[in-house]
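Shown next, in structure tokens, is the structure this report addresses.
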Amino acid sequence: MAQTREDVTALVETLVRNLVDDVDAIGLDTYDEDGIFRIDITVSPDEVGKVIGRKGRMIKAIRTLARAAGSQAGITTEVEILG
């Protein structure tokens, strides 16, 4: 099943929602830059560590899943956490 940008964004949002306590502080900004679909994650400052995880494992996993979901439709996806 081919994924759309909205599906990839929803996946990232679902993953982040399950990591943080303050779900109202989650913000996802999406935009295209040089043919790359970018998702910027914003969470409350005290919960950034939960999204990054130990040694960056959690954000790496989120990036891997987003890239895999996007690649099904030929979408190059990058995920960044802004804080």
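Labels used: A, B, ... for chains in the order of the structure tokens, numbers from 1 for residues in each chain, and numbers from 1 for ligands as shown.
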With only C-alpha atoms counted and 10 Å as the cut-off, give the residues of stretch 6-70 of chain A in contact with stretch 78-83 of chain A, each with its shortest interatomic distance in Å and the pair that gives it, as CSV.
```
residue,atom,partner,partner_atom,distance
A:Thr9,CA,A:Val79,CA,9.8
A:Val12,CA,A:Val79,CA,8.6
A:Ile26,CA,A:Gly83,CA,9.6
A:Gly27,CA,A:Gly83,CA,9.7
A:Leu28,CA,A:Ile81,CA,9.4
A:Asp29,CA,A:Glu80,CA,10.0
A:Thr30,CA,A:Val79,CA,9.4
A:Asp32,CA,A:Glu78,CA,10.0
A:Ile36,CA,A:Glu78,CA,7.1
A:Phe37,CA,A:Glu78,CA,6.3
A:Arg38,CA,A:Glu78,CA,4.9
A:Ile39,CA,A:Val79,CA,4.8
A:Asp40,CA,A:Glu80,CA,4.9
A:Ile41,CA,A:Ile81,CA,4.6
A:Thr42,CA,A:Gly83,CA,5.0
A:Val43,CA,A:Gly83,CA,5.4
A:Ser44,CA,A:Gly83,CA,6.5
A:Pro45,CA,A:Gly83,CA,5.6
A:Asp46,CA,A:Gly83,CA,8.7
A:Glu47,CA,A:Gly83,CA,8.2
A:Val48,CA,A:Gly83,CA,5.6
A:Gly49,CA,A:Gly83,CA,9.1
A:Val51,CA,A:Ile81,CA,8.0
A:Ile52,CA,A:Ile81,CA,8.0
A:Ile59,CA,A:Ile81,CA,8.0
A:Lys60,CA,A:Val79,CA,9.2
A:Ile62,CA,A:Val79,CA,7.8
A:Arg63,CA,A:Val79,CA,5.7
A:Thr64,CA,A:Val79,CA,9.2
A:Ala66,CA,A:Val79,CA,7.6
A:Arg67,CA,A:Glu78,CA,7.0
A:Gly70,CA,A:Glu78,CA,9.5
```
- prompt: Can you list, as a ChimeraX atom specification, every residue of chain A that DSSP puts in strand (DSSP E)?
  reply: /A:27-33,36-42,77-81
statement: Restricting to only C-alpha atoms, whichever of A:Leu15, A:Asp34, A:Asp22, A:Gln3 is closest to A:Ala61 is A:Leu15
task: Measure the distance from atom CA of A:Lys50 to atom CA of A:Arg17 in Å and round it to one decimal.
output: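 Those two atoms sit 10.8 Å apart.
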query: atom CA of A:Glu13 and atom CA of A:Leu65, how far apart in Å?
result: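 About the pair atom CA of A:Leu65 and atom CA of A:Glu13: they are 11.9 Å apart.
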